[in-house]
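my_file_16.csv, holding CSV, N, CA and C atoms:
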```csv
chain,number,residue,atom,x,y,z
A,1,MET,N,74.0,75.0,86.6
A,1,MET,CA,74.1,74.6,88.0
A,1,MET,C,74.1,75.9,88.8
A,2,GLN,N,73.5,75.8,89.9
A,2,GLN,CA,73.5,77.0,90.9
A,2,GLN,C,73.7,76.4,92.3
A,3,ARG,N,74.7,77.0,93.0
A,3,ARG,CA,75.0,76.5,94.3
A,3,ARG,C,74.4,77.4,95.4
A,4,ALA,N,74.3,76.8,96.6
A,4,ALA,CA,73.8,77.6,97.7
A,4,ALA,C,74.9,78.5,98.2
A,5,ARG,N,74.5,79.6,98.8
A,5,ARG,CA,75.4,80.6,99.3
A,5,ARG,C,76.3,79.9,100.4
A,6,GLU,N,77.5,80.1,100.4
A,6,GLU,CA,78.5,79.5,101.4
A,6,GLU,C,78.3,78.0,101.5
A,7,ARG,N,77.9,77.4,100.4
A,7,ARG,CA,77.7,75.9,100.3
A,7,ARG,C,76.8,75.3,101.4
A,8,ARG,N,75.9,76.2,101.9
A,8,ARG,CA,74.9,75.7,102.9
A,8,ARG,C,73.9,74.8,102.2
A,9,ALA,N,73.0,74.3,102.9
A,9,ALA,CA,71.9,73.5,102.4
A,9,ALA,C,70.9,74.4,101.7
A,10,CYS,N,70.4,74.0,100.5
A,10,CYS,CA,69.4,74.7,99.7
A,10,CYS,C,68.0,74.4,100.3
A,11,PHE,N,67.8,73.1,100.6
A,11,PHE,CA,66.5,72.6,101.0
A,11,PHE,C,66.6,71.9,102.3
A,12,SER,N,65.8,72.3,103.3
A,12,SER,CA,65.8,71.7,104.6
A,12,SER,C,64.7,70.7,104.7
A,13,CYS,N,63.7,70.7,103.8
A,13,CYS,CA,62.6,69.8,104.0
A,13,CYS,C,61.8,69.6,102.6
A,14,ALA,N,60.9,68.7,102.6
A,14,ALA,CA,60.2,68.4,101.3
A,14,ALA,C,59.4,69.7,100.9
A,15,PRO,N,58.8,70.5,101.8
A,15,PRO,CA,58.1,71.7,101.3
A,15,PRO,C,59.1,72.7,100.6
A,16,ASP,N,60.3,72.7,101.1
A,16,ASP,CA,61.3,73.6,100.4
A,16,ASP,C,61.5,73.1,99.0
A,17,ARG,N,61.7,71.8,98.8
A,17,ARG,CA,61.9,71.3,97.4
A,17,ARG,C,60.6,71.6,96.6
A,18,ALA,N,59.4,71.4,97.1
A,18,ALA,CA,58.2,71.6,96.4
A,18,ALA,C,58.1,73.1,96.0
A,19,ALA,N,58.5,74.0,96.9
A,19,ALA,CA,58.4,75.4,96.6
A,19,ALA,C,59.4,75.8,95.5
A,20,TYR,N,60.6,75.2,95.5
A,20,TYR,CA,61.5,75.4,94.5
A,20,TYR,C,61.0,75.0,93.1
A,21,LEU,N,60.5,73.8,93.1
A,21,LEU,CA,59.9,73.2,91.8
A,21,LEU,C,58.8,74.0,91.3
A,22,GLU,N,57.9,74.5,92.2
A,22,GLU,CA,56.8,75.4,91.8
A,22,GLU,C,57.4,76.7,91.2
A,23,ALA,N,58.4,77.3,91.9
A,23,ALA,CA,59.0,78.5,91.4
A,23,ALA,C,59.6,78.2,90.0
A,24,LEU,N,60.3,77.1,89.9
A,24,LEU,CA,60.9,76.7,88.6
A,24,LEU,C,59.8,76.6,87.5
A,25,ARG,N,58.7,76.0,87.8
A,25,ARG,CA,57.6,75.8,86.8
A,25,ARG,C,57.1,77.2,86.4
A,26,GLU,N,56.8,78.1,87.4
A,26,GLU,CA,56.3,79.4,87.1
A,26,GLU,C,57.3,80.3,86.3
A,27,CYS,N,58.5,80.3,86.8
A,27,CYS,CA,59.5,81.1,86.1
A,27,CYS,C,59.8,80.6,84.7
A,28,ALA,N,59.9,79.3,84.5
A,28,ALA,CA,60.2,78.7,83.2
A,28,ALA,C,59.1,79.1,82.2
A,29,GLU,N,57.9,79.0,82.7
A,29,GLU,CA,56.7,79.3,81.9
A,29,GLU,C,56.8,80.8,81.5
A,30,ARG,N,57.0,81.7,82.5
A,30,ARG,CA,57.0,83.1,82.2
A,30,ARG,C,58.1,83.5,81.3
A,31,GLU,N,59.3,82.9,81.4
A,31,GLU,CA,60.5,83.2,80.6
A,31,GLU,C,60.6,82.3,79.3
A,32,HIS,N,59.6,81.5,79.1
A,32,HIS,CA,59.5,80.7,77.9
A,32,HIS,C,60.7,79.8,77.8
A,33,CYS,N,60.9,79.0,78.8
A,33,CYS,CA,62.0,78.0,78.9
A,33,CYS,C,61.4,76.6,79.1
A,34,ALA,N,61.9,75.7,78.3
A,34,ALA,CA,61.4,74.3,78.4
A,34,ALA,C,62.4,73.5,79.3
A,35,VAL,N,61.9,73.1,80.4
A,35,VAL,CA,62.8,72.3,81.4
A,35,VAL,C,62.8,70.9,81.0
A,36,HIS,N,64.0,70.3,80.8
A,36,HIS,CA,64.2,68.9,80.3
A,36,HIS,C,64.6,68.0,81.5
A,37,ALA,N,65.4,68.5,82.4
A,37,ALA,CA,65.8,67.7,83.6
A,37,ALA,C,66.2,68.6,84.7
A,38,TYR,N,66.2,68.0,85.9
A,38,TYR,CA,66.6,68.8,87.1
A,38,TYR,C,67.1,67.8,88.1
A,39,ALA,N,68.0,68.2,89.0
A,39,ALA,CA,68.3,67.4,90.2
A,39,ALA,C,68.5,68.4,91.3
A,40,LEU,N,67.8,68.2,92.4
A,40,LEU,CA,67.9,69.1,93.6
A,40,LEU,C,68.8,68.4,94.6
A,41,MET,N,70.0,68.9,94.7
A,41,MET,CA,71.0,68.3,95.6
A,41,MET,C,71.0,69.0,96.9
A,42,GLY,N,71.8,68.5,97.8
A,42,GLY,CA,71.9,69.2,99.1
A,42,GLY,C,72.2,70.6,99.1
A,43,ASN,N,73.3,71.0,98.3
A,43,ASN,CA,73.7,72.4,98.4
A,43,ASN,C,73.8,73.0,96.9
A,44,HIS,N,73.2,72.3,96.0
A,44,HIS,CA,73.2,72.9,94.6
A,44,HIS,C,72.1,72.3,93.8
A,45,VAL,N,71.8,72.9,92.7
A,45,VAL,CA,70.8,72.4,91.8
A,45,VAL,C,71.3,72.3,90.4
A,46,HIS,N,71.0,71.2,89.7
A,46,HIS,CA,71.3,71.0,88.3
A,46,HIS,C,70.0,71.2,87.5
A,47,LEU,N,70.1,72.1,86.5
A,47,LEU,CA,68.9,72.3,85.6
A,47,LEU,C,69.4,72.2,84.1
A,48,LEU,N,68.5,71.5,83.3
A,48,LEU,CA,68.8,71.5,81.9
A,48,LEU,C,67.5,72.0,81.2
A,49,PHE,N,67.6,73.1,80.6
A,49,PHE,CA,66.5,73.7,79.9
A,49,PHE,C,66.8,74.4,78.6
A,50,THR,N,65.8,74.6,77.8
A,50,THR,CA,66.0,75.3,76.5
A,50,THR,C,65.2,76.6,76.6
A,51,PRO,N,65.9,77.8,76.5
A,51,PRO,CA,65.2,79.0,76.4
A,51,PRO,C,64.8,79.3,75.0
A,52,VAL,N,63.6,79.9,74.8
A,52,VAL,CA,63.1,80.2,73.5
A,52,VAL,C,63.8,81.5,73.0
A,53,ARG,N,64.0,82.4,73.9
A,53,ARG,CA,64.7,83.7,73.6
A,53,ARG,C,66.1,83.6,74.0
A,54,ALA,N,67.0,84.4,73.3
A,54,ALA,CA,68.4,84.4,73.6
A,54,ALA,C,68.7,84.8,75.0
A,55,ASN,N,68.0,85.6,75.7
A,55,ASN,CA,68.3,86.0,77.1
A,55,ASN,C,67.5,85.2,78.1
A,56,GLY,N,66.9,84.1,77.7
A,56,GLY,CA,66.0,83.3,78.5
A,56,GLY,C,66.7,82.8,79.8
A,57,ALA,N,67.9,82.3,79.7
A,57,ALA,CA,68.7,81.8,80.9
A,57,ALA,C,69.0,82.9,81.8
A,58,ALA,N,69.4,84.0,81.2
A,58,ALA,CA,69.8,85.2,82.0
A,58,ALA,C,68.6,85.8,82.7
A,59,ARG,N,67.4,85.6,82.3
A,59,ARG,CA,66.2,86.0,82.9
A,59,ARG,C,65.6,85.0,83.9
A,60,LEU,N,65.7,83.7,83.5
A,60,LEU,CA,65.2,82.6,84.3
A,60,LEU,C,65.9,82.5,85.7
A,61,MET,N,67.2,82.4,85.6
A,61,MET,CA,67.9,82.0,86.9
A,61,MET,C,67.8,83.1,88.0
A,62,PRO,N,67.9,84.4,87.7
A,62,PRO,CA,67.7,85.4,88.8
A,62,PRO,C,66.2,85.4,89.3
A,63,ALA,N,65.3,85.2,88.3
A,63,ALA,CA,63.9,85.2,88.7
A,63,ALA,C,63.6,84.0,89.6
A,64,LEU,N,64.2,82.8,89.3
A,64,LEU,CA,64.0,81.6,90.1
A,64,LEU,C,64.6,81.8,91.5
A,65,ALA,N,65.8,82.4,91.6
A,65,ALA,CA,66.4,82.6,92.9
A,65,ALA,C,65.6,83.6,93.7
A,66,ALA,N,65.1,84.6,93.1
A,66,ALA,CA,64.3,85.6,93.8
A,66,ALA,C,62.9,85.0,94.3
A,67,SER,N,62.3,84.2,93.4
A,67,SER,CA,61.1,83.5,93.8
A,67,SER,C,61.3,82.6,95.0
A,68,TYR,N,62.4,81.8,94.9
A,68,TYR,CA,62.6,80.8,96.0
A,68,TYR,C,63.0,81.6,97.3
A,69,ALA,N,63.7,82.7,97.2
A,69,ALA,CA,64.0,83.5,98.3
A,69,ALA,C,62.8,84.0,99.0
A,70,LYS,N,61.7,84.3,98.3
A,70,LYS,CA,60.5,84.7,98.9
A,70,LYS,C,59.9,83.6,99.8
A,71,HIS,N,60.0,82.4,99.3
A,71,HIS,CA,59.6,81.2,100.1
A,71,HIS,C,60.4,81.2,101.4
A,72,LEU,N,61.7,81.4,101.3
A,72,LEU,CA,62.6,81.3,102.5
A,72,LEU,C,62.3,82.4,103.5
A,73,VAL,N,62.1,83.6,103.0
A,73,VAL,CA,61.8,84.8,103.8
A,73,VAL,C,60.5,84.5,104.6
A,74,ALA,N,59.5,83.9,103.9
A,74,ALA,CA,58.2,83.6,104.5
A,74,ALA,C,58.4,82.6,105.7
A,75,LEU,N,59.4,81.8,105.6
A,75,LEU,CA,59.7,80.9,106.7
A,75,LEU,C,60.7,81.5,107.7
A,76,THR,N,61.0,82.8,107.6
A,76,THR,CA,61.9,83.5,108.5
A,76,THR,C,63.3,83.0,108.5
A,77,SER,N,63.7,82.3,107.4
A,77,SER,CA,65.1,81.8,107.4
A,77,SER,C,66.1,82.7,106.7
A,78,GLY,N,65.6,83.9,106.3
A,78,GLY,CA,66.5,84.8,105.6
A,78,GLY,C,66.3,84.9,104.1
A,79,GLY,N,67.2,85.6,103.5
A,79,GLY,CA,67.2,85.9,102.1
A,79,GLY,C,67.5,84.8,101.2
A,80,SER,N,68.1,85.1,100.0
A,80,SER,CA,68.3,84.1,99.0
A,80,SER,C,69.3,83.1,99.5
A,81,ALA,N,69.0,81.8,99.2
A,81,ALA,CA,69.9,80.7,99.5
A,81,ALA,C,70.8,80.4,98.4
A,82,LEU,N,70.6,81.0,97.2
A,82,LEU,CA,71.3,80.6,96.0
A,82,LEU,C,72.3,81.7,95.6
A,83,GLU,N,73.5,81.3,95.2
A,83,GLU,CA,74.6,82.2,94.8
A,83,GLU,C,74.2,82.8,93.5
A,84,GLU,N,74.7,84.0,93.2
A,84,GLU,CA,74.7,84.6,91.9
A,84,GLU,C,76.2,84.7,91.6
A,85,PRO,N,76.6,84.6,90.4
A,85,PRO,CA,75.9,84.1,89.3
A,85,PRO,C,75.8,82.6,89.2
A,86,TYR,N,75.0,82.1,88.3
A,86,TYR,CA,74.9,80.6,88.1
A,86,TYR,C,75.9,80.2,87.1
A,87,ASP,N,76.2,78.9,86.9
A,87,ASP,CA,77.1,78.4,85.9
A,87,ASP,C,76.3,77.8,84.8
A,88,ALA,N,76.4,78.4,83.6
A,88,ALA,CA,75.6,77.9,82.5
A,88,ALA,C,76.6,77.5,81.3
A,89,SER,N,76.2,76.4,80.7
A,89,SER,CA,77.0,75.9,79.5
A,89,SER,C,76.0,75.6,78.4
A,90,PRO,N,76.1,76.1,77.2
A,90,PRO,CA,75.2,75.8,76.1
A,90,PRO,C,75.4,74.3,75.7
A,91,VAL,N,74.3,73.7,75.3
A,91,VAL,CA,74.3,72.3,74.8
A,91,VAL,C,73.9,72.4,73.3
A,92,HIS,N,74.7,72.1,72.4
A,92,HIS,CA,74.5,72.2,71.0
A,92,HIS,C,74.0,71.0,70.3
A,93,ALA,N,74.6,69.9,70.5
A,93,ALA,CA,74.3,68.6,69.8
A,93,ALA,C,73.4,67.7,70.6
A,94,ARG,N,72.5,67.0,69.9
A,94,ARG,CA,71.5,66.2,70.6
A,94,ARG,C,72.2,65.1,71.5
A,95,ARG,N,73.3,64.5,71.0
A,95,ARG,CA,74.0,63.5,71.9
A,95,ARG,C,74.5,64.2,73.1
A,96,HIS,N,74.9,65.4,73.1
A,96,HIS,CA,75.4,66.1,74.3
A,96,HIS,C,74.2,66.4,75.2
A,97,LEU,N,73.1,66.7,74.6
A,97,LEU,CA,71.9,66.9,75.4
A,97,LEU,C,71.6,65.7,76.2
A,98,LEU,N,71.6,64.5,75.6
A,98,LEU,CA,71.3,63.3,76.2
A,98,LEU,C,72.3,63.0,77.3
A,99,ALA,N,73.6,63.3,77.0
A,99,ALA,CA,74.7,63.1,78.0
A,99,ALA,C,74.4,64.0,79.2
A,100,CYS,N,74.0,65.2,79.0
A,100,CYS,CA,73.7,66.1,80.1
A,100,CYS,C,72.5,65.6,80.9
A,101,MET,N,71.5,65.1,80.3
A,101,MET,CA,70.4,64.6,81.0
A,101,MET,C,70.8,63.4,81.8
A,102,ARG,N,71.6,62.5,81.3
A,102,ARG,CA,72.1,61.3,82.0
A,102,ARG,C,72.9,61.8,83.2
A,103,TYR,N,73.8,62.8,83.0
A,103,TYR,CA,74.6,63.3,84.2
A,103,TYR,C,73.7,63.8,85.3
A,104,ILE,N,72.7,64.6,84.9
A,104,ILE,CA,71.8,65.1,85.9
A,104,ILE,C,71.0,64.0,86.6
A,105,GLU,N,70.6,63.0,85.9
A,105,GLU,CA,69.8,61.9,86.4
A,105,GLU,C,70.7,61.1,87.4
A,106,GLU,N,72.0,60.9,87.1
A,106,GLU,CA,72.8,60.1,87.9
A,106,GLU,C,73.5,60.8,89.0
A,107,ASN,N,73.5,62.1,89.0
A,107,ASN,CA,74.2,62.9,90.0
A,107,ASN,C,73.8,62.6,91.4
A,108,PRO,N,72.5,62.5,91.7
A,108,PRO,CA,72.1,62.1,93.1
A,108,PRO,C,72.5,60.7,93.5
A,109,VAL,N,72.6,59.8,92.5
A,109,VAL,CA,73.0,58.4,92.8
A,109,VAL,C,74.5,58.4,93.1
A,110,ARG,N,75.3,59.1,92.3
A,110,ARG,CA,76.8,59.2,92.6
A,110,ARG,C,77.0,59.8,94.0
A,111,ALA,N,76.2,60.8,94.4
A,111,ALA,CA,76.4,61.5,95.6
A,111,ALA,C,75.7,60.7,96.8
A,112,ASP,N,75.1,59.6,96.5
A,112,ASP,CA,74.4,58.8,97.5
A,112,ASP,C,73.3,59.7,98.1
A,113,TRP,N,72.6,60.4,97.3
A,113,TRP,CA,71.5,61.3,97.7
A,113,TRP,C,70.2,60.6,97.4
A,114,ARG,N,69.8,59.7,98.3
A,114,ARG,CA,68.6,58.9,98.1
A,114,ARG,C,67.4,59.5,98.7
A,115,CYS,N,66.6,60.1,97.8
A,115,CYS,CA,65.3,60.6,98.3
A,115,CYS,C,64.4,60.8,97.0
A,116,SER,N,63.2,60.3,97.1
A,116,SER,CA,62.4,60.4,95.9
A,116,SER,C,62.0,61.8,95.6
A,117,GLY,N,61.8,62.1,94.3
A,117,GLY,CA,61.4,63.4,93.9
A,117,GLY,C,62.6,64.4,93.6
A,118,ARG,N,63.8,63.9,93.8
A,118,ARG,CA,65.0,64.8,93.5
A,118,ARG,C,65.3,65.0,92.0
A,119,VAL,N,65.0,63.9,91.3
A,119,VAL,CA,65.3,64.0,89.9
A,119,VAL,C,64.1,63.7,89.0
A,120,SER,N,64.0,64.5,87.9
A,120,SER,CA,62.9,64.2,87.0
A,120,SER,C,63.4,64.5,85.6
A,121,LEU,N,63.2,63.5,84.7
A,121,LEU,CA,63.5,63.8,83.3
A,121,LEU,C,62.1,64.1,82.7
A,122,VAL,N,62.0,65.3,82.1
A,122,VAL,CA,60.8,65.8,81.5
A,122,VAL,C,60.8,65.5,80.1
A,123,GLU,N,59.7,65.1,79.5
A,123,GLU,CA,59.7,64.8,78.1
A,123,GLU,C,60.1,66.0,77.3
A,124,LEU,N,60.9,65.8,76.3
A,124,LEU,CA,61.4,66.9,75.4
A,124,LEU,C,60.2,67.5,74.6
A,125,PRO,N,60.1,68.8,74.5
A,125,PRO,CA,59.1,69.3,73.6
A,125,PRO,C,59.4,68.9,72.1
A,126,LEU,N,58.4,68.9,71.3
A,126,LEU,CA,58.6,68.4,69.9
A,126,LEU,C,59.6,69.3,69.2
A,127,GLN,N,59.6,70.6,69.4
A,127,GLN,CA,60.5,71.4,68.6
A,127,GLN,C,61.9,71.2,69.1
A,128,CYS,N,62.2,70.8,70.3
A,128,CYS,CA,63.6,70.5,70.8
A,128,CYS,C,64.0,69.1,70.2
A,129,ALA,N,63.1,68.2,70.2
A,129,ALA,CA,63.4,66.9,69.8
A,129,ALA,C,63.8,66.9,68.3
A,130,ARG,N,63.3,67.8,67.5
A,130,ARG,CA,63.6,67.9,66.1
A,130,ARG,C,64.8,68.8,65.9
A,131,GLY,N,65.4,69.3,66.9
A,131,GLY,CA,66.7,70.1,66.8
A,131,GLY,C,66.5,71.5,66.4
A,132,ARG,N,65.3,72.1,66.6
A,132,ARG,CA,65.1,73.5,66.2
A,132,ARG,C,65.5,74.4,67.3
```
Render the structure in this file as structure tokens.
Amino acid sequence: MQRARERRACFSCAPDRAAYLEALRECAEREHCAVHAYALMGNHVHLLFTPVRANGAARLMPALAASYAKHLVALTSGGSALEEPYDASPVHARRHLLACMRYIEENPVRADWRCSGRVSLVELPLQCARGR
């Protein structure tokens, strides 16, 4: 999970969310991380991903924040909207993985955050589904 600085809004419009998701796609690909689920909330983001390398999360999250900050600077709204550091917890068991995915999927519903495109469950890559 990564929160906005000073708990301000992370995304002010649909193009902001699209820019964040594009940055996520690019950074995850570059850092070799498989994204399984995400939820873009008002002042924070939930991500569930599997890094191929041991330092994948440590490389993905700052790169993602920097990439999204470039989008915000281009809109003249200032620097990074996301706090450092992020909160990360490893998921070891498959049942815990599914519970995390369910939590992320339901988070916008519990928060009454009704807007399409906020949540996506991405098909698990074959190597993750087999527990490797």
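Atom C of A:Cys100 is found 25.5 Å from atom CA of A:Cys13.
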One decimal, in Å: what's the spacing between atom CA of A:Ala57 and atom N of A:Leu24?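 Answer for the atom CA of A:Ala57 to atom N of A:Leu24 separation: 13.2 Å.
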| task | Using only N, CA and C atoms, determine which residues lie at most 8 Å from A:Ser12, disregarding the query and same-chain residues fewer than 4 positions distant; provide the list as a list of chain:residue names. | result |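 Within the cut-off, the hits are A:Asp16, A:Arg17, A:Gly42.
One distance worth recording is that between atom CA of A:His96 and atom C of A:Cys27, which is 23.7 Å.
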Scan for residues within 5 Å of the point (76.1, 78.0, 92.6) in the coordinates of the file, using all atoms listed in the file, and reply as a list of chain:residue names.
A:Met1, A:Gln2, A:Arg3, A:Ala4, A:Glu83
